[in-house]
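Note: the block below is target_18.cif and it holds mmCIF, C-alpha atoms and all ligand atoms.
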data_model
#
loop_
_atom_site.label_atom_id
_atom_site.label_comp_id
_atom_site.auth_asym_id
_atom_site.auth_seq_id
_atom_site.Cartn_x
_atom_site.Cartn_y
_atom_site.Cartn_z
CA MET A 1 20.30 -80.68 -56.07
CA ASN A 2 17.59 -82.84 -54.54
CA THR A 3 15.31 -83.92 -57.41
CA LYS A 4 13.56 -86.60 -55.37
CA TYR A 5 10.16 -84.90 -55.60
CA TRP A 6 10.48 -83.97 -59.30
CA SER A 7 8.30 -85.49 -61.97
CA ALA A 8 9.87 -87.53 -64.79
CA THR A 9 9.16 -84.55 -67.09
CA ALA A 10 11.00 -82.07 -64.88
CA ARG A 11 13.95 -84.46 -64.65
CA SER A 12 14.11 -84.91 -68.41
CA LEU A 13 14.34 -81.18 -69.16
CA THR A 14 17.58 -79.30 -69.66
CA PRO A 15 17.23 -75.70 -68.46
CA TYR A 16 16.70 -73.16 -71.25
CA VAL A 17 19.26 -70.35 -70.99
CA PRO A 18 17.62 -67.09 -72.07
CA GLY A 19 19.57 -64.00 -73.13
CA GLU A 20 21.12 -62.17 -70.21
CA GLN A 21 18.86 -59.50 -68.61
CA PRO A 22 21.32 -57.47 -66.52
CA ARG A 23 20.13 -54.82 -64.08
CA LEU A 24 22.99 -52.39 -64.64
CA ALA A 25 21.54 -49.31 -66.32
CA ASN A 26 24.75 -48.12 -67.91
CA LEU A 27 25.25 -51.19 -70.11
CA VAL A 28 24.59 -50.98 -73.85
CA LYS A 29 22.21 -53.90 -74.14
CA LEU A 30 22.17 -55.32 -77.66
CA ASN A 31 21.57 -58.99 -76.84
CA THR A 32 17.84 -59.80 -76.80
CA ASN A 33 16.38 -57.87 -79.73
CA GLU A 34 14.33 -55.41 -77.73
CA ASN A 35 13.26 -52.17 -79.40
CA PRO A 36 15.54 -49.27 -78.41
CA TYR A 37 12.60 -46.84 -78.42
CA PRO A 38 9.81 -46.64 -75.81
CA PRO A 39 6.26 -47.75 -76.65
CA SER A 40 3.63 -45.27 -77.85
CA PRO A 41 2.48 -42.80 -75.15
CA HIS A 42 -1.05 -44.08 -75.88
CA VAL A 43 0.01 -47.38 -74.26
CA LEU A 44 0.89 -45.71 -70.96
CA ALA A 45 -2.26 -43.59 -70.97
CA ALA A 46 -4.45 -46.63 -71.59
CA MET A 47 -2.79 -48.62 -68.78
CA ARG A 48 -3.20 -45.73 -66.32
CA GLU A 49 -6.82 -45.40 -67.31
CA GLU A 50 -7.33 -49.14 -66.84
CA ILE A 51 -6.02 -48.98 -63.26
CA GLY A 52 -8.14 -45.89 -62.45
CA SER A 53 -7.55 -43.75 -59.39
CA ASN A 54 -7.79 -46.50 -56.77
CA GLY A 55 -6.98 -49.73 -58.61
CA GLU A 56 -10.58 -50.93 -58.28
CA THR A 57 -10.42 -52.81 -61.61
CA LEU A 58 -7.50 -54.92 -60.40
CA ARG A 59 -9.86 -56.65 -57.97
CA LEU A 60 -11.73 -58.10 -60.94
CA TYR A 61 -10.66 -60.83 -63.34
CA PRO A 62 -9.86 -59.71 -66.88
CA ASP A 63 -11.92 -60.70 -69.95
CA PRO A 64 -11.06 -64.40 -70.52
CA THR A 65 -11.73 -64.04 -74.25
CA ALA A 66 -9.57 -60.89 -74.65
CA ALA A 67 -12.32 -59.79 -77.06
CA SER A 68 -11.43 -56.13 -77.45
CA LEU A 69 -7.73 -56.82 -78.10
CA ARG A 70 -8.49 -59.58 -80.59
CA GLN A 71 -10.89 -57.19 -82.30
CA ALA A 72 -8.22 -54.46 -82.53
CA ILE A 73 -5.64 -56.90 -83.94
CA ALA A 74 -8.16 -58.42 -86.37
CA ARG A 75 -9.23 -54.97 -87.62
CA HIS A 76 -5.59 -53.96 -88.11
CA HIS A 77 -4.91 -57.02 -90.27
CA GLY A 78 -8.24 -57.23 -92.11
CA LEU A 79 -9.25 -60.46 -90.32
CA LEU A 80 -12.10 -61.55 -88.01
CA PRO A 81 -11.65 -61.78 -84.20
CA GLU A 82 -12.21 -65.57 -84.37
CA GLN A 83 -9.06 -65.77 -86.51
CA ILE A 84 -6.93 -64.33 -83.67
CA PHE A 85 -5.55 -66.01 -80.54
CA VAL A 86 -3.64 -63.99 -77.92
CA GLY A 87 -1.22 -65.02 -75.18
CA ASN A 88 1.51 -63.91 -72.76
CA GLY A 89 4.18 -63.17 -75.30
CA SER A 90 4.55 -65.23 -78.44
CA ASP A 91 6.53 -67.78 -76.40
CA GLU A 92 3.29 -68.74 -74.63
CA VAL A 93 1.34 -68.61 -77.90
CA LEU A 94 3.96 -70.95 -79.40
CA ALA A 95 3.64 -73.32 -76.42
CA HIS A 96 -0.08 -73.65 -77.19
CA VAL A 97 0.70 -74.05 -80.92
CA PHE A 98 3.14 -76.91 -80.24
CA LEU A 99 0.63 -78.70 -78.03
CA GLY A 100 -2.50 -77.92 -80.04
CA LEU A 101 -1.27 -78.19 -83.63
CA LEU A 102 2.23 -79.69 -83.90
CA LYS A 103 2.11 -82.94 -81.91
CA HIS A 104 1.55 -85.74 -84.44
CA ASP A 105 2.82 -89.21 -85.32
CA GLN A 106 5.22 -87.85 -87.95
CA PRO A 107 8.13 -85.62 -86.84
CA LEU A 108 7.71 -81.86 -86.73
CA LEU A 109 10.19 -80.13 -89.08
CA PHE A 110 12.17 -76.94 -88.51
CA PRO A 111 15.54 -75.53 -89.67
CA ASP A 112 18.70 -76.74 -87.91
CA ILE A 113 19.63 -73.12 -87.17
CA THR A 114 16.57 -71.37 -85.77
CA TYR A 115 14.81 -70.12 -82.66
CA SER A 116 16.25 -72.22 -79.84
CA PHE A 117 12.91 -72.55 -78.06
CA TYR A 118 11.48 -74.94 -80.67
CA PRO A 119 13.41 -78.03 -79.52
CA VAL A 120 12.72 -77.00 -75.91
CA TYR A 121 8.96 -77.17 -76.50
CA CYS A 122 9.39 -80.50 -78.27
CA GLY A 123 11.14 -81.79 -75.15
CA LEU A 124 8.46 -80.42 -72.85
CA TYR A 125 5.55 -81.82 -74.85
CA ASP A 126 7.26 -85.01 -76.03
CA ILE A 127 7.03 -84.06 -79.71
CA ASP A 128 9.17 -85.94 -82.22
CA TYR A 129 11.11 -83.55 -84.49
CA ALA A 130 13.66 -83.50 -87.29
CA THR A 131 15.78 -80.53 -88.34
CA VAL A 132 16.42 -79.49 -91.94
CA PRO A 133 19.80 -77.84 -92.64
CA LEU A 134 19.87 -74.27 -93.89
CA ALA A 135 21.32 -73.74 -97.38
CA ALA A 136 24.96 -72.65 -97.80
CA ASP A 137 23.90 -68.97 -97.77
CA PHE A 138 21.95 -69.59 -94.49
CA SER A 139 18.57 -69.27 -96.21
CA ILE A 140 15.70 -71.74 -95.69
CA ASP A 141 15.32 -73.94 -98.78
CA ILE A 142 11.71 -75.10 -98.93
CA ALA A 143 12.61 -77.81 -101.47
CA ASP A 144 14.39 -79.65 -98.63
CA TYR A 145 11.20 -80.11 -96.57
CA PRO A 146 9.75 -83.63 -97.06
CA ARG A 147 6.00 -83.97 -97.70
CA GLU A 148 5.59 -86.45 -94.87
CA ASN A 149 5.79 -84.56 -91.59
CA GLY A 150 3.90 -83.63 -88.47
CA GLY A 151 3.96 -79.92 -89.28
CA ILE A 152 6.53 -77.29 -90.22
CA ILE A 153 7.62 -74.24 -88.21
CA PHE A 154 10.19 -71.53 -88.91
CA PRO A 155 10.67 -67.88 -88.07
CA ASN A 156 10.52 -65.46 -90.98
CA PRO A 157 12.83 -63.56 -90.88
CA ASN A 158 14.72 -66.49 -89.36
CA ALA A 159 16.43 -66.12 -85.99
CA PRO A 160 19.28 -65.73 -85.32
CA THR A 161 20.29 -65.25 -88.97
CA GLY A 162 17.83 -62.45 -89.89
CA CYS A 163 17.36 -63.93 -93.40
CA LEU A 164 13.94 -63.53 -95.01
CA LEU A 165 12.13 -66.10 -97.13
CA PRO A 166 10.02 -64.31 -99.79
CA ARG A 167 6.25 -64.66 -99.71
CA SER A 168 6.27 -66.58 -103.01
CA ALA A 169 8.46 -69.33 -101.49
CA VAL A 170 6.24 -69.69 -98.42
CA GLU A 171 3.20 -69.81 -100.69
CA ARG A 172 4.81 -72.64 -102.66
CA LEU A 173 5.42 -74.53 -99.43
CA LEU A 174 1.77 -74.08 -98.43
CA GLN A 175 0.65 -75.39 -101.81
CA THR A 176 2.95 -78.42 -101.85
CA HIS A 177 2.34 -79.34 -98.18
CA THR A 178 -1.45 -79.05 -97.88
CA GLU A 179 -1.55 -81.95 -95.39
CA SER A 180 0.74 -80.09 -92.95
CA VAL A 181 0.21 -77.13 -90.67
CA VAL A 182 2.80 -74.52 -91.62
CA VAL A 183 3.56 -72.13 -88.76
CA VAL A 184 5.38 -68.93 -89.70
CA ASP A 185 6.79 -67.19 -86.63
CA GLU A 186 6.86 -63.53 -87.67
CA ALA A 187 8.43 -62.07 -84.52
CA TYR A 188 10.61 -59.74 -86.64
CA VAL A 189 8.51 -59.28 -89.77
CA ASP A 190 7.65 -55.62 -89.17
CA PHE A 191 11.29 -54.74 -89.92
CA ALA A 192 11.23 -56.68 -93.21
CA GLY A 193 9.25 -54.40 -95.52
CA GLU A 194 5.67 -54.20 -96.73
CA ASP A 195 5.17 -57.56 -98.47
CA ALA A 196 7.01 -59.75 -95.97
CA SER A 197 4.13 -60.91 -93.76
CA MET A 198 2.10 -64.01 -94.64
CA ILE A 199 -1.03 -62.66 -92.90
CA PRO A 200 -2.62 -61.64 -96.25
CA LEU A 201 -2.46 -65.34 -97.29
CA ILE A 202 -4.50 -66.57 -94.34
CA ASP A 203 -7.88 -66.60 -96.07
CA ARG A 204 -6.42 -68.68 -98.93
CA TYR A 205 -4.57 -71.34 -96.90
CA PRO A 206 -6.39 -73.20 -94.09
CA ASN A 207 -3.04 -74.81 -93.13
CA LEU A 208 -1.25 -71.48 -92.45
CA LEU A 209 -0.76 -70.14 -88.93
CA VAL A 210 1.16 -66.89 -88.41
CA VAL A 211 2.56 -65.98 -84.99
CA HIS A 212 3.42 -62.39 -84.01
CA THR A 213 4.76 -60.62 -80.96
CA LEU A 214 4.35 -57.10 -79.62
CA SER A 215 7.80 -57.42 -77.98
CA LYS A 216 9.83 -56.15 -80.93
CA SER A 217 8.16 -53.72 -83.34
CA ARG A 218 5.74 -52.39 -80.69
CA SER A 219 8.37 -52.02 -77.92
CA LEU A 220 6.37 -54.09 -75.42
CA ALA A 221 8.67 -56.96 -74.44
CA GLY A 222 7.97 -56.17 -70.79
CA LEU A 223 4.19 -56.42 -71.20
CA ARG A 224 4.30 -59.99 -72.65
CA VAL A 225 1.79 -60.01 -75.50
CA GLY A 226 1.81 -62.10 -78.65
CA PHE A 227 -0.81 -63.52 -80.99
CA ALA A 228 -1.50 -66.15 -83.62
CA ALA A 229 -3.57 -65.52 -86.73
CA GLY A 230 -5.04 -68.21 -88.96
CA HIS A 231 -8.15 -70.04 -90.07
CA ALA A 232 -10.76 -70.13 -87.28
CA ASP A 233 -10.45 -73.94 -87.12
CA LEU A 234 -6.73 -73.68 -86.25
CA ILE A 235 -7.46 -70.97 -83.68
CA GLU A 236 -10.08 -73.22 -82.07
CA ALA A 237 -7.40 -75.87 -81.38
CA LEU A 238 -5.39 -73.22 -79.54
CA ASN A 239 -8.44 -72.15 -77.53
CA ARG A 240 -8.99 -75.73 -76.41
CA VAL A 241 -5.42 -75.95 -75.10
CA LYS A 242 -5.59 -72.50 -73.50
CA ASP A 243 -8.85 -73.19 -71.65
CA SER A 244 -7.26 -76.26 -70.08
CA PHE A 245 -4.12 -74.32 -69.14
CA ASN A 246 -5.08 -70.80 -68.04
CA SER A 247 -8.44 -69.43 -69.06
CA TYR A 248 -7.26 -65.83 -68.45
CA PRO A 249 -4.53 -65.44 -71.06
CA LEU A 250 -3.71 -61.77 -70.47
CA ASP A 251 -3.99 -59.47 -67.48
CA ARG A 252 -5.94 -56.20 -67.59
CA LEU A 253 -2.91 -53.97 -68.08
CA ALA A 254 -1.57 -56.06 -70.93
CA LEU A 255 -4.97 -56.07 -72.63
CA ALA A 256 -5.36 -52.28 -72.34
CA GLY A 257 -1.76 -51.45 -73.28
CA ALA A 258 -1.62 -53.83 -76.25
CA ARG A 259 -4.92 -52.53 -77.62
CA ALA A 260 -3.64 -48.95 -77.41
CA ALA A 261 -0.45 -49.93 -79.27
CA TYR A 262 -2.62 -50.73 -82.30
CA GLU A 263 -4.26 -47.30 -82.12
CA ASP A 264 -1.02 -45.41 -82.73
CA HIS A 265 0.01 -46.44 -86.20
CA ALA A 266 2.23 -43.39 -86.72
CA TRP A 267 4.39 -44.27 -83.70
CA PHE A 268 4.74 -47.85 -84.92
CA THR A 269 5.83 -46.91 -88.45
CA GLN A 270 8.23 -44.19 -87.27
CA THR A 271 10.02 -46.43 -84.79
CA CYS A 272 10.22 -49.35 -87.25
CA GLN A 273 11.63 -47.06 -89.93
CA ALA A 274 14.20 -45.66 -87.49
CA VAL A 275 15.35 -49.17 -86.59
CA VAL A 276 15.63 -50.17 -90.26
CA ARG A 277 17.66 -47.00 -91.05
CA SER A 278 20.00 -47.74 -88.16
CA ARG A 279 20.33 -51.36 -89.30
CA GLU A 280 21.55 -50.27 -92.72
CA GLN A 281 24.06 -47.87 -91.13
CA LEU A 282 25.28 -50.53 -88.73
CA ASN A 283 25.66 -52.97 -91.64
CA GLU A 284 27.88 -50.48 -93.45
CA GLY A 285 29.90 -49.75 -90.32
CA LEU A 286 30.49 -53.44 -89.61
CA ARG A 287 31.48 -54.16 -93.22
CA ALA A 288 33.93 -51.25 -93.10
CA LEU A 289 35.55 -52.99 -90.10
CA GLY A 290 35.93 -56.22 -92.11
CA PHE A 291 32.86 -58.09 -90.84
CA VAL A 292 30.83 -60.40 -93.07
CA VAL A 293 27.17 -59.50 -92.40
CA LEU A 294 24.24 -61.69 -93.46
CA PRO A 295 21.43 -59.79 -95.20
CA SER A 296 19.08 -58.93 -92.32
CA ALA A 297 15.35 -58.21 -92.50
CA ALA A 298 15.06 -58.08 -88.69
CA ASN A 299 15.95 -55.70 -85.83
CA PHE A 300 19.33 -57.39 -85.42
CA VAL A 301 22.27 -58.32 -87.60
CA PHE A 302 24.26 -61.54 -87.70
CA ALA A 303 27.91 -60.91 -88.43
CA ARG A 304 31.32 -62.58 -88.22
CA HIS A 305 34.86 -61.30 -88.49
CA PRO A 306 37.08 -63.57 -90.62
CA ALA A 307 40.12 -62.92 -88.42
CA ARG A 308 38.60 -62.84 -84.92
CA ASP A 309 37.05 -65.38 -82.60
CA ALA A 310 33.42 -64.49 -81.86
CA ALA A 311 33.54 -65.63 -78.22
CA ALA A 312 36.60 -63.41 -77.65
CA LEU A 313 34.92 -60.46 -79.36
CA THR A 314 31.79 -60.96 -77.22
CA ALA A 315 33.92 -60.98 -74.05
CA ALA A 316 35.90 -57.91 -75.14
CA LEU A 317 32.67 -56.01 -75.83
CA ARG A 318 31.26 -57.12 -72.46
CA ALA A 319 34.36 -55.73 -70.76
CA ARG A 320 33.50 -52.38 -72.39
CA GLY A 321 29.88 -52.55 -71.15
CA ILE A 322 28.32 -53.71 -74.43
CA ILE A 323 26.33 -56.97 -74.50
CA VAL A 324 25.74 -58.90 -77.73
CA ARG A 325 24.65 -62.51 -78.24
CA HIS A 326 26.93 -65.38 -79.15
CA PHE A 327 25.68 -68.92 -79.87
CA LYS A 328 27.94 -71.92 -79.29
CA GLN A 329 26.32 -73.89 -82.09
CA PRO A 330 28.08 -75.58 -85.01
CA ARG A 331 28.22 -73.45 -88.19
CA ILE A 332 27.33 -70.22 -86.36
CA GLU A 333 29.84 -70.20 -83.50
CA GLN A 334 31.86 -67.49 -85.24
CA PHE A 335 28.89 -65.10 -85.51
CA LEU A 336 27.71 -62.31 -83.25
CA ARG A 337 24.03 -61.43 -83.12
CA ILE A 338 23.74 -57.72 -82.53
CA THR A 339 20.40 -56.03 -81.77
CA ILE A 340 19.86 -52.69 -83.49
CA GLY A 341 20.08 -50.01 -80.81
CA THR A 342 19.70 -46.26 -81.04
CA ASP A 343 22.15 -44.54 -83.39
CA SER A 344 24.32 -43.54 -80.43
CA GLN A 345 24.37 -47.13 -79.10
CA CYS A 346 25.35 -48.40 -82.57
CA ALA A 347 28.10 -45.77 -82.72
CA LEU A 348 29.42 -46.91 -79.30
CA LEU A 349 29.44 -50.50 -80.53
CA LEU A 350 31.36 -49.66 -83.71
CA GLU A 351 33.86 -47.56 -81.75
CA ALA A 352 34.43 -50.40 -79.28
CA LEU A 353 34.89 -52.92 -82.11
CA ARG A 354 37.35 -50.58 -83.84
CA GLU A 355 39.41 -50.43 -80.62
CA ILE A 356 39.25 -54.19 -80.07
CA LEU A 357 40.27 -54.96 -83.68
CA ALA A 358 43.16 -52.52 -83.41
CA THR A 359 44.73 -54.62 -80.64
CA PRO A 360 46.34 -57.95 -81.55
CA ALA A 361 44.10 -61.03 -81.04
N1 LIG B 401 9.92 -66.12 -81.84
C1 LIG B 401 11.17 -65.73 -82.13
C2 LIG B 401 11.76 -66.13 -83.43
C3 LIG B 401 11.90 -64.96 -81.21
O1 LIG B 401 13.17 -64.61 -81.49
C4 LIG B 401 11.30 -64.58 -80.00
C5 LIG B 401 12.04 -63.70 -79.01
N2 LIG B 401 13.04 -64.27 -78.32
C6 LIG B 401 10.01 -65.03 -79.73
C7 LIG B 401 9.34 -65.78 -80.68
C8 LIG B 401 9.33 -64.78 -78.42
O2 LIG B 401 9.02 -63.44 -78.19
P1 LIG B 401 8.03 -63.00 -77.06
O3 LIG B 401 7.77 -64.17 -76.16
O4 LIG B 401 8.69 -61.88 -76.38
O5 LIG B 401 6.75 -62.59 -77.76
#

Write the structure described by the file as structure tokens, please.
Ligand code: PMP
Amino acid sequence: MNTKYWSATARSLTPYVPGEQPRLANLVKLNTNENPYPPSPHVLAAMREEIGSNGETLRLYPDPTAASLRQAIARHHGLLPEQIFVGNGSDEVLAHVFLGLLKHDQPLLFPDITYSFYPVYCGLYDIDYATVPLAADFSIDIADYPRENGGIIFPNPNAPTGCLLPRSAVERLLQTHTESVVVVDEAYVDFAGEDASMIPLIDRYPNLLVVHTLSKSRSLAGLRVGFAAGHADLIEALNRVKDSFNSYPLDRLALAGARAAYEDHAWFTQTCQAVVRSREQLNEGLRALGFVVLPSAANFVFARHPARDAAALTAALRARGIIVRHFKQPRIEQFLRITIGTDSQCALLLEALREILATPA
């Protein structure tokens, strides 16, 4: 490849490899933690209404402040609109967080096994970081996080393990690390039960930033909407970065569709509950087949089979049209990360695994 015209930054970056997004419709796709159910019908209606009969609105720029969406999210969480920042998926929100809040003289801290985008952003923005090993049971141990740092970030539930840190532990971290920004990436929190989110702590801790996505629990991965919630002073740092990057964070359809998703609470709770029910069934099914499954509070499970190689299992499932995620990372290379599908998709997965395990390795 001719990299003659590339900047030093572009040359220094190793390409991020996202989960496979195949086009074949007949695959059972359990690899990137999408919701198996469609979004609320209110979302579609609102997007159609936004376009109108002749697309006239598309000629016009969207609201650069995303005021009505921030208002809807703030109302839903009992916050003020100035405590909310929105972006194109939480990946973009996180990019602004890394640049606006996590680039300091001391290294940023995050778990050694976590969302693989964090080190990628550090590379992109030249942020020094140090990783903190997960405990033997794969949980995050807050006692291991030194006081001196340039910020702390972790997903809760963690990815790809699915393990949840209780609110009391995060609160202790906030209290013992008042000089650090603590970013809790709650991409999967809506599958973790009522008291799992840290959003209710925001008014008590000016160093807490919570990041959410509409990709998982609201079935809108294709629309690309995420948000951060925190003290207005933290949000202002993100606005400064955003205004220098792209002053129109979301397009008109995303704004209208995301707002409507917050107006259909019944749809949201029903689909989340269905996913959680299926997760518990899948857990049981996998254990019955001999898998060790980590306790998951997310819309995926992380499981290993003591007698089978995870890469071989992934390939054997792929050959049967079922895609799961496998990470070639020390300590977790024998695990499969399996997204919770519909009950029939989970049944197909268990049936395929039963067949694979019945044949010699
Ligand atoms: N955080 C975590 C922990 C994730 O697993 C993901 C999804 N891959 C994201 C953030 C980004 O989600 P999105 O950009 O779709 O909002």

With distances taken over all atoms listed in the file, which of A:Leu44, A:Ala130, A:Val17, A:Val210 is nearest to Ala260 (chain A)?
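Looking only at the distances to Ala260 (chain A), the closest residue turns out to be A:Leu44.
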
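For ligand LIG 401 (chain B), the set of protein, DNA and RNA residues within 6 Å, based on all atoms listed in the file, reads Gly89, Ser90, Asp91, Tyr115, Pro155, Ala159, Asp185, Ala187, Thr213, Ser215, Ala221 and Gly226 of chain A.
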
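Contact shell of Ala229 (chain A) at 9 Å (all atoms listed in the file; same-chain neighbours under 3 positions omitted): Ala74, Leu79, Glu82, Gln83, Ile84, Phe85, Val86, Ile199, Ile202, Leu208, Leu209, Val210, Val211, His212, Ala232, Leu234 and Ile235 of chain A.
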
Would you put the residues from that selection into a file with C-alpha atoms, as a short mmCIF file (atom, residue, chain, number, x, y, z; two decimals), keeping the file's coordinate frame?
data_model
loop_
_atom_site.label_atom_id
_atom_site.label_comp_id
_atom_site.auth_asym_id
_atom_site.auth_seq_id
_atom_site.Cartn_x
_atom_site.Cartn_y
_atom_site.Cartn_z
CA ALA A 74 -8.16 -58.42 -86.37
CA LEU A 79 -9.25 -60.46 -90.32
CA GLU A 82 -12.21 -65.57 -84.37
CA GLN A 83 -9.06 -65.77 -86.51
CA ILE A 84 -6.93 -64.33 -83.67
CA PHE A 85 -5.55 -66.01 -80.54
CA VAL A 86 -3.64 -63.99 -77.92
CA ILE A 199 -1.03 -62.66 -92.90
CA ILE A 202 -4.50 -66.57 -94.34
CA LEU A 208 -1.25 -71.48 -92.45
CA LEU A 209 -0.76 -70.14 -88.93
CA VAL A 210 1.16 -66.89 -88.41
CA VAL A 211 2.56 -65.98 -84.99
CA HIS A 212 3.42 -62.39 -84.01
CA ALA A 232 -10.76 -70.13 -87.28
CA LEU A 234 -6.73 -73.68 -86.25
CA ILE A 235 -7.46 -70.97 -83.68
#

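Residue nearest Ile152 (chain A), chosen from A:Phe117, A:Pro107, A:Ala135, A:Gln175 and counting all atoms listed in the file: A:Pro107.
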
Might you pull out every residue within 10 Å of Leu336 (chain A), with only C-alpha atoms counted and same-chain residues fewer than 6 positions away left off, and present them as a PDB file with C-alpha atoms, keeping the file's coordinate frame?
ATOM      1  CA  ASN A  31      21.570 -58.990 -76.840  1.00  0.00           C
ATOM      2  CA  PRO A 160      19.280 -65.730 -85.320  1.00  0.00           C
ATOM      3  CA  THR A 161      20.290 -65.250 -88.970  1.00  0.00           C
ATOM      4  CA  VAL A 293      27.170 -59.500 -92.400  1.00  0.00           C
ATOM      5  CA  PHE A 300      19.330 -57.390 -85.420  1.00  0.00           C
ATOM      6  CA  VAL A 301      22.270 -58.320 -87.600  1.00  0.00           C
ATOM      7  CA  PHE A 302      24.260 -61.540 -87.700  1.00  0.00           C
ATOM      8  CA  ALA A 303      27.910 -60.910 -88.430  1.00  0.00           C
ATOM      9  CA  ARG A 304      31.320 -62.580 -88.220  1.00  0.00           C
ATOM     10  CA  HIS A 305      34.860 -61.300 -88.490  1.00  0.00           C
ATOM     11  CA  ASP A 309      37.050 -65.380 -82.600  1.00  0.00           C
ATOM     12  CA  ALA A 310      33.420 -64.490 -81.860  1.00  0.00           C
ATOM     13  CA  ALA A 311      33.540 -65.630 -78.220  1.00  0.00           C
ATOM     14  CA  LEU A 313      34.920 -60.460 -79.360  1.00  0.00           C
ATOM     15  CA  THR A 314      31.790 -60.960 -77.220  1.00  0.00           C
ATOM     16  CA  VAL A 324      25.740 -58.900 -77.730  1.00  0.00           C
ATOM     17  CA  ARG A 325      24.650 -62.510 -78.240  1.00  0.00           C
ATOM     18  CA  HIS A 326      26.930 -65.380 -79.150  1.00  0.00           C
ATOM     19  CA  PHE A 327      25.680 -68.920 -79.870  1.00  0.00           C
TER      20      PHE A 327
END

Give the answer as one residue: which of A:Ser219, A:Ser278, A:Asn156, A:Asn299 has the shortest atom-to-atom distance to Cys346 (chain A), using all atoms listed in the file?
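Going through A:Ser219, A:Ser278, A:Asn156, A:Asn299 one by one, the smallest distance to Cys346 (chain A) is for A:Ser278.
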
Selected residue, from A:Thr3, A:Pro111, A:Leu164, A:Gly193, that lies nearest to Thr269 (chain A) when counting all atoms listed in the file:
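Closest to Thr269 (chain A), using all atoms listed in the file: A:Gly193.
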
One-decimal distance in Å that lies between CA of Pro64 (chain A) and CA of Asn246 (chain A)
9.1 Å

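The nearest approach to Met47 (chain A) among the residues A:Ala228, A:Ala256, A:Ala352, A:Ala361, with all atoms listed in the file taken into account, belongs to A:Ala256.
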
Please, which residues are within 8 Å of (-1.2, -77.2, -77.3) by the file's coordinates, counting all atoms listed in the file, and could they come as a list in words?
Ala95, His96, Val97, Phe98, Leu99, Gly100, Leu101, Leu102, Ala237, Leu238, Arg240, Val241 and Lys242 of chain A

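What separates CA of Asp251 (chain A) from CA of Pro15 (chain A) is a distance of 26.7 Å.
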
Quote the spacing between CA of Gly162 (chain A) and CA of Thr131 (chain A) in Å to one decimal place.
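Interatomic distance here is 18.3 Å.
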
For Ile323 (chain A), which of A:Arg287, A:Arg252, A:Arg337, A:Arg147 is the closest residue, counting all atoms listed in the file?
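Ranking A:Arg287, A:Arg252, A:Arg337, A:Arg147 by distance to Ile323 (chain A), first place goes to A:Arg337.
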
I'd like the neighbourhood of Pro249 (chain A) as a ChimeraX atom specification, where a residue qualifies if any of its atoms comes within 10 Å (using all atoms listed in the file), though same-chain residues fewer than 5 positions away should be ignored.
/A:62-66,85-89,92-93,225,242-243,254-255

For Tyr188 (chain A), find every residue with an atom within 8 Å (counting all atoms listed in the file), except residues of its own chain fewer than 4 positions away, and show them as a list in words.
Asn156, Pro157, Ala192, Lys216, Ser217, Ala297, Ala298 and Asn299 of chain A

Keeping only C-alpha atoms, write the selected residues as a CSV table (one decimal), in the frame of the given file.
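New file selection-v1.csv:
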chain,number,residue,atom,x,y,z
A,156,ASN,CA,10.5,-65.5,-91.0
A,157,PRO,CA,12.8,-63.6,-90.9
A,192,ALA,CA,11.2,-56.7,-93.2
A,216,LYS,CA,9.8,-56.2,-80.9
A,217,SER,CA,8.2,-53.7,-83.3
A,297,ALA,CA,15.4,-58.2,-92.5
A,298,ALA,CA,15.1,-58.1,-88.7
A,299,ASN,CA,16.0,-55.7,-85.8

Step by step, gather every atom of region 255-269 of chain A that the file lists, find the box along x, y and z that holds them, add 5 Å on each side, and finally give centre and edge lengths in Å to one decimal, as AutoDock Vina command-line options.
--center_x 0.2 --center_y -49.7 --center_z -80.4 --size_x 21.2 --size_y 22.7 --size_z 26.1
